Amino acid sequence: MAGKEDAKKSFSRQLQAEAEAEKAELSKEEAQLAATLEKKDDGVTRLMFDPPHYTVMESVGTFEVTVLREGGNLNQTVQVDYKTEDGTASSEGDYIEATGTLTFGPGETKKTVTLEVLDDDVFEDDEHFYIRISNLRRKDGKPFAEIEVEGEDGKKQCKLIVNLEPLIWPLS
């Protein structure tokens, strides 16, 4: 009887050791993944939609789109213009056109734009329209600081990098 009991304990310890080793390996992999995903501030101001794609029902009425600000000098006030643009959906009867300027004050990293979809009670295939952000600028009118970048050829050059991409919105 003692032999079976010892074998059970031994087997149990082995399973526990294997489980702990697997857990440690997963923790190591998660830490490596987190390190690669960690955002590093390279001095570049970036504005992006969060999430990058929205899908809404035609009957939604109004909904908010979130624009995030990352990087650069967050103590500077920056502005960016936004404007909706037709895709397969038209501002003539599918949504209300929206234009404006978002102002991110010192320390602000999130702004929203409210958009309105028109419900016409007519069956239609999925449609989409765009919202585009453009003309990123400092509020005081001064240019953004240039960033010195060393190219593959070893030459240093100054670049201003602004990452502004349109957003597509299918309407269901």
# chains A, B, ... in the order shown; residues from 1 in each chain; ligands from 1

call {"tool": "select_by_dssp", "arguments": {"residues": "stretch 89-121 of chain A", "states": "strand (DSSP E or B)", "output": "JSON, numbers by chain"}}
result
{"A": [95, 96, 99, 100, 101, 102, 103, 104, 110, 111, 112, 113, 114, 115, 116, 117]}

call {"tool": "write_last_selection", "arguments": {"atoms": "N, CA, C and O atoms", "output": "PDB file, in the first residue's frame"}}
result
ATOM      1  N   TYR A  95     -26.506  60.698 -43.384  1.00  0.00           N
ATOM      2  CA  TYR A  95     -25.892  61.206 -42.155  1.00  0.00           C
ATOM      3  C   TYR A  95     -25.792  62.722 -42.243  1.00  0.00           C
ATOM      4  O   TYR A  95     -25.914  63.302 -43.320  1.00  0.00           O
ATOM      5  N   ILE A  96     -25.587  63.363 -41.104  1.00  0.00           N
ATOM      6  CA  ILE A  96     -25.419  64.815 -41.063  1.00  0.00           C
ATOM      7  C   ILE A  96     -23.929  65.125 -41.175  1.00  0.00           C
ATOM      8  O   ILE A  96     -23.128  64.616 -40.393  1.00  0.00           O
ATOM      9  N   THR A  99     -18.158  69.096 -39.463  1.00  0.00           N
ATOM     10  CA  THR A  99     -16.822  69.671 -39.597  1.00  0.00           C
ATOM     11  C   THR A  99     -16.528  70.429 -38.316  1.00  0.00           C
ATOM     12  O   THR A  99     -17.438  70.910 -37.641  1.00  0.00           O
ATOM     13  N   GLY A 100     -15.261  70.530 -37.996  1.00  0.00           N
ATOM     14  CA  GLY A 100     -14.908  71.279 -36.807  1.00  0.00           C
ATOM     15  C   GLY A 100     -13.439  71.135 -36.474  1.00  0.00           C
ATOM     16  O   GLY A 100     -12.659  70.587 -37.244  1.00  0.00           O
ATOM     17  N   THR A 101     -13.095  71.636 -35.306  1.00  0.00           N
ATOM     18  CA  THR A 101     -11.722  71.593 -34.815  1.00  0.00           C
ATOM     19  C   THR A 101     -11.734  71.053 -33.394  1.00  0.00           C
ATOM     20  O   THR A 101     -12.539  71.486 -32.573  1.00  0.00           O
ATOM     21  N   LEU A 102     -10.857  70.102 -33.137  1.00  0.00           N
ATOM     22  CA  LEU A 102     -10.660  69.591 -31.784  1.00  0.00           C
ATOM     23  C   LEU A 102      -9.436  70.282 -31.199  1.00  0.00           C
ATOM     24  O   LEU A 102      -8.414  70.414 -31.872  1.00  0.00           O
ATOM     25  N   THR A 103      -9.534  70.724 -29.961  1.00  0.00           N
ATOM     26  CA  THR A 103      -8.410  71.350 -29.269  1.00  0.00           C
ATOM     27  C   THR A 103      -8.048  70.484 -28.073  1.00  0.00           C
ATOM     28  O   THR A 103      -8.861  70.268 -27.186  1.00  0.00           O
ATOM     29  N   PHE A 104      -6.827  69.975 -28.085  1.00  0.00           N
ATOM     30  CA  PHE A 104      -6.294  69.202 -26.968  1.00  0.00           C
ATOM     31  C   PHE A 104      -5.465  70.139 -26.118  1.00  0.00           C
ATOM     32  O   PHE A 104      -4.407  70.603 -26.547  1.00  0.00           O
ATOM     33  N   LYS A 110      -7.693  62.782 -24.892  1.00  0.00           N
ATOM     34  CA  LYS A 110      -8.885  62.168 -25.461  1.00  0.00           C
ATOM     35  C   LYS A 110      -9.932  63.233 -25.757  1.00  0.00           C
ATOM     36  O   LYS A 110     -10.233  64.062 -24.911  1.00  0.00           O
ATOM     37  N   LYS A 111     -10.477  63.194 -26.953  1.00  0.00           N
ATOM     38  CA  LYS A 111     -11.580  64.064 -27.364  1.00  0.00           C
ATOM     39  C   LYS A 111     -12.603  63.213 -28.109  1.00  0.00           C
ATOM     40  O   LYS A 111     -12.273  62.157 -28.650  1.00  0.00           O
ATOM     41  N   THR A 112     -13.842  63.690 -28.154  1.00  0.00           N
ATOM     42  CA  THR A 112     -14.872  62.973 -28.901  1.00  0.00           C
ATOM     43  C   THR A 112     -15.543  63.905 -29.900  1.00  0.00           C
ATOM     44  O   THR A 112     -15.614  65.118 -29.694  1.00  0.00           O
ATOM     45  N   VAL A 113     -16.016  63.310 -30.972  1.00  0.00           N
ATOM     46  CA  VAL A 113     -16.806  63.999 -31.993  1.00  0.00           C
ATOM     47  C   VAL A 113     -18.143  63.270 -32.045  1.00  0.00           C
ATOM     48  O   VAL A 113     -18.176  62.039 -32.119  1.00  0.00           O
ATOM     49  N   THR A 114     -19.238  64.012 -31.989  1.00  0.00           N
ATOM     50  CA  THR A 114     -20.565  63.403 -32.066  1.00  0.00           C
ATOM     51  C   THR A 114     -21.044  63.466 -33.508  1.00  0.00           C
ATOM     52  O   THR A 114     -21.060  64.536 -34.123  1.00  0.00           O
ATOM     53  N   LEU A 115     -21.419  62.312 -34.039  1.00  0.00           N
ATOM     54  CA  LEU A 115     -21.920  62.221 -35.409  1.00  0.00           C
ATOM     55  C   LEU A 115     -23.358  61.730 -35.374  1.00  0.00           C
ATOM     56  O   LEU A 115     -23.770  61.045 -34.439  1.00  0.00           O
ATOM     57  N   GLU A 116     -24.107  62.104 -36.416  1.00  0.00           N
ATOM     58  CA  GLU A 116     -25.520  61.733 -36.472  1.00  0.00           C
ATOM     59  C   GLU A 116     -25.827  60.988 -37.756  1.00  0.00           C
ATOM     60  O   GLU A 116     -25.490  61.434 -38.855  1.00  0.00           O
ATOM     61  N   VAL A 117     -26.478  59.837 -37.587  1.00  0.00           N
ATOM     62  CA  VAL A 117     -26.914  59.003 -38.710  1.00  0.00           C
ATOM     63  C   VAL A 117     -28.415  59.189 -38.860  1.00  0.00           C
ATOM     64  O   VAL A 117     -29.151  59.198 -37.875  1.00  0.00           O
TER      65      VAL A 117
END

call {"tool": "select_by_dssp", "arguments": {"residues": "stretch 13-83 of chain A", "states": "helix (DSSP H, G or I)", "output": "list of chain:residue names"}}
result
A:Arg13, A:Gln14, A:Leu15, A:Gln16, A:Ala17, A:Glu18, A:Ala19, A:Glu20, A:Ala21, A:Glu22, A:Lys23, A:Ala24, A:Glu25, A:Leu26, A:Ser27, A:Lys28, A:Glu29, A:Glu30, A:Ala31, A:Gln32, A:Leu33, A:Ala34, A:Ala35, A:Thr36, A:Leu37, A:Glu58, A:Ser59, A:Val60

call {"tool": "write_last_selection", "arguments": {"atoms": "C-alpha atoms", "output": "PDB file, in the first residue's frame"}}
result
ATOM      1  CA  ARG A  13       4.499  16.439  -7.331  1.00  0.00           C
ATOM      2  CA  GLN A  14       5.626  15.885 -10.921  1.00  0.00           C
ATOM      3  CA  LEU A  15       2.346  17.272 -12.302  1.00  0.00           C
ATOM      4  CA  GLN A  16       2.555  20.256  -9.967  1.00  0.00           C
ATOM      5  CA  ALA A  17       6.167  20.944 -11.000  1.00  0.00           C
ATOM      6  CA  GLU A  18       5.242  20.749 -14.699  1.00  0.00           C
ATOM      7  CA  ALA A  19       2.270  23.086 -14.163  1.00  0.00           C
ATOM      8  CA  GLU A  20       4.469  25.605 -12.328  1.00  0.00           C
ATOM      9  CA  ALA A  21       7.107  25.439 -15.067  1.00  0.00           C
ATOM     10  CA  GLU A  22       4.452  26.024 -17.727  1.00  0.00           C
ATOM     11  CA  LYS A  23       3.002  28.916 -15.729  1.00  0.00           C
ATOM     12  CA  ALA A  24       6.470  30.463 -15.372  1.00  0.00           C
ATOM     13  CA  GLU A  25       7.067  30.138 -19.120  1.00  0.00           C
ATOM     14  CA  LEU A  26       3.712  31.791 -19.884  1.00  0.00           C
ATOM     15  CA  SER A  27       4.502  34.619 -17.472  1.00  0.00           C
ATOM     16  CA  LYS A  28       7.857  35.105 -19.190  1.00  0.00           C
ATOM     17  CA  GLU A  29       6.180  35.194 -22.634  1.00  0.00           C
ATOM     18  CA  GLU A  30       3.537  37.648 -21.381  1.00  0.00           C
ATOM     19  CA  ALA A  31       6.253  39.909 -19.967  1.00  0.00           C
ATOM     20  CA  GLN A  32       8.122  39.826 -23.283  1.00  0.00           C
ATOM     21  CA  LEU A  33       4.925  40.645 -25.179  1.00  0.00           C
ATOM     22  CA  ALA A  34       4.106  43.493 -22.800  1.00  0.00           C
ATOM     23  CA  ALA A  35       7.609  44.897 -23.257  1.00  0.00           C
ATOM     24  CA  THR A  36       7.256  44.889 -27.043  1.00  0.00           C
ATOM     25  CA  LEU A  37       3.829  46.516 -26.822  1.00  0.00           C
ATOM     26  CA  GLU A  58     -28.888  53.252 -39.087  1.00  0.00           C
ATOM     27  CA  SER A  59     -31.354  53.731 -36.232  1.00  0.00           C
ATOM     28  CA  VAL A  60     -28.583  54.707 -33.767  1.00  0.00           C
TER      29      VAL A  60
END

call {"tool": "residues_around", "arguments": {"residues": "A:Leu136", "least_positions_apart": "3", "cutoff": "8 Å", "atoms": "only C-alpha atoms", "output": "list of chain:residue names"}}
result
A:Val78, A:Gln79, A:Val80, A:Asp81, A:Val162

call {"tool": "write_last_selection", "arguments": {"atoms": "all heavy atoms", "output": "JSON list (two decimals), in the first residue's frame"}}
result
[["chain", "number", "residue", "atom", "x", "y", "z"],
["A", 78, "VAL", "N", -2.61, 71.52, -28.79],
["A", 78, "VAL", "CA", -2.61, 71.26, -30.23],
["A", 78, "VAL", "C", -4.05, 71.22, -30.72],
["A", 78, "VAL", "O", -4.99, 70.95, -29.97],
["A", 78, "VAL", "CB", -1.89, 69.94, -30.59],
["A", 78, "VAL", "CG1", -0.41, 69.99, -30.21],
["A", 78, "VAL", "CG2", -2.55, 68.74, -29.96],
["A", 79, "GLN", "N", -4.19, 71.49, -32.01],
["A", 79, "GLN", "CA", -5.50, 71.46, -32.65],
["A", 79, "GLN", "C", -5.43, 70.59, -33.89],
["A", 79, "GLN", "O", -4.39, 70.47, -34.53],
["A", 79, "GLN", "CB", -5.94, 72.86, -33.03],
["A", 79, "GLN", "CG", -6.19, 73.77, -31.84],
["A", 79, "GLN", "CD", -6.64, 75.15, -32.26],
["A", 79, "GLN", "OE1", -6.06, 75.78, -33.15],
["A", 79, "GLN", "NE2", -7.69, 75.63, -31.62],
["A", 80, "VAL", "N", -6.57, 70.01, -34.23],
["A", 80, "VAL", "CA", -6.69, 69.23, -35.45],
["A", 80, "VAL", "C", -8.11, 69.43, -35.99],
["A", 80, "VAL", "O", -9.07, 69.54, -35.23],
["A", 80, "VAL", "CB", -6.39, 67.72, -35.19],
["A", 80, "VAL", "CG1", -7.43, 67.09, -34.29],
["A", 80, "VAL", "CG2", -6.24, 66.98, -36.50],
["A", 81, "ASP", "N", -8.22, 69.54, -37.29],
["A", 81, "ASP", "CA", -9.52, 69.69, -37.94],
["A", 81, "ASP", "C", -10.09, 68.32, -38.26],
["A", 81, "ASP", "O", -9.35, 67.36, -38.49],
["A", 81, "ASP", "CB", -9.38, 70.50, -39.23],
["A", 81, "ASP", "CG", -8.87, 71.90, -38.98],
["A", 81, "ASP", "OD1", -9.14, 72.45, -37.89],
["A", 81, "ASP", "OD2", -8.20, 72.46, -39.86],
["A", 162, "VAL", "N", 3.68, 63.24, -38.87],
["A", 162, "VAL", "CA", 2.31, 63.32, -38.39],
["A", 162, "VAL", "C", 1.56, 62.15, -38.99],
["A", 162, "VAL", "O", 1.55, 61.96, -40.20],
["A", 162, "VAL", "CB", 1.65, 64.66, -38.80],
["A", 162, "VAL", "CG1", 0.24, 64.71, -38.29],
["A", 162, "VAL", "CG2", 2.47, 65.82, -38.29]]

call {"tool": "residues_around", "arguments": {"residues": "A:Leu74", "least_positions_apart": "3", "cutoff": "9 Å", "atoms": "only C-alpha atoms", "output": "ChimeraX atom specification"}}
result
/A:45,69-71,77-78,104-109

call {"tool": "closest_residue", "arguments": {"among": "A:Asn75, A:Asp94, A:Tyr82, A:Tyr130", "to": "A:Leu47", "atoms": "only C-alpha atoms"}}
result
A:Tyr82

call {"tool": "closest_residue", "arguments": {"among": "A:Met57, A:Arg137, A:Pro51, A:Lys83", "to": "A:Asp119", "atoms": "only C-alpha atoms"}}
result
A:Met57

call {"tool": "closest_residue", "arguments": {"among": "A:Gly87, A:Val122, A:Ile131, A:Asp140", "to": "A:Pro52", "atoms": "only C-alpha atoms"}}
result
A:Ile131
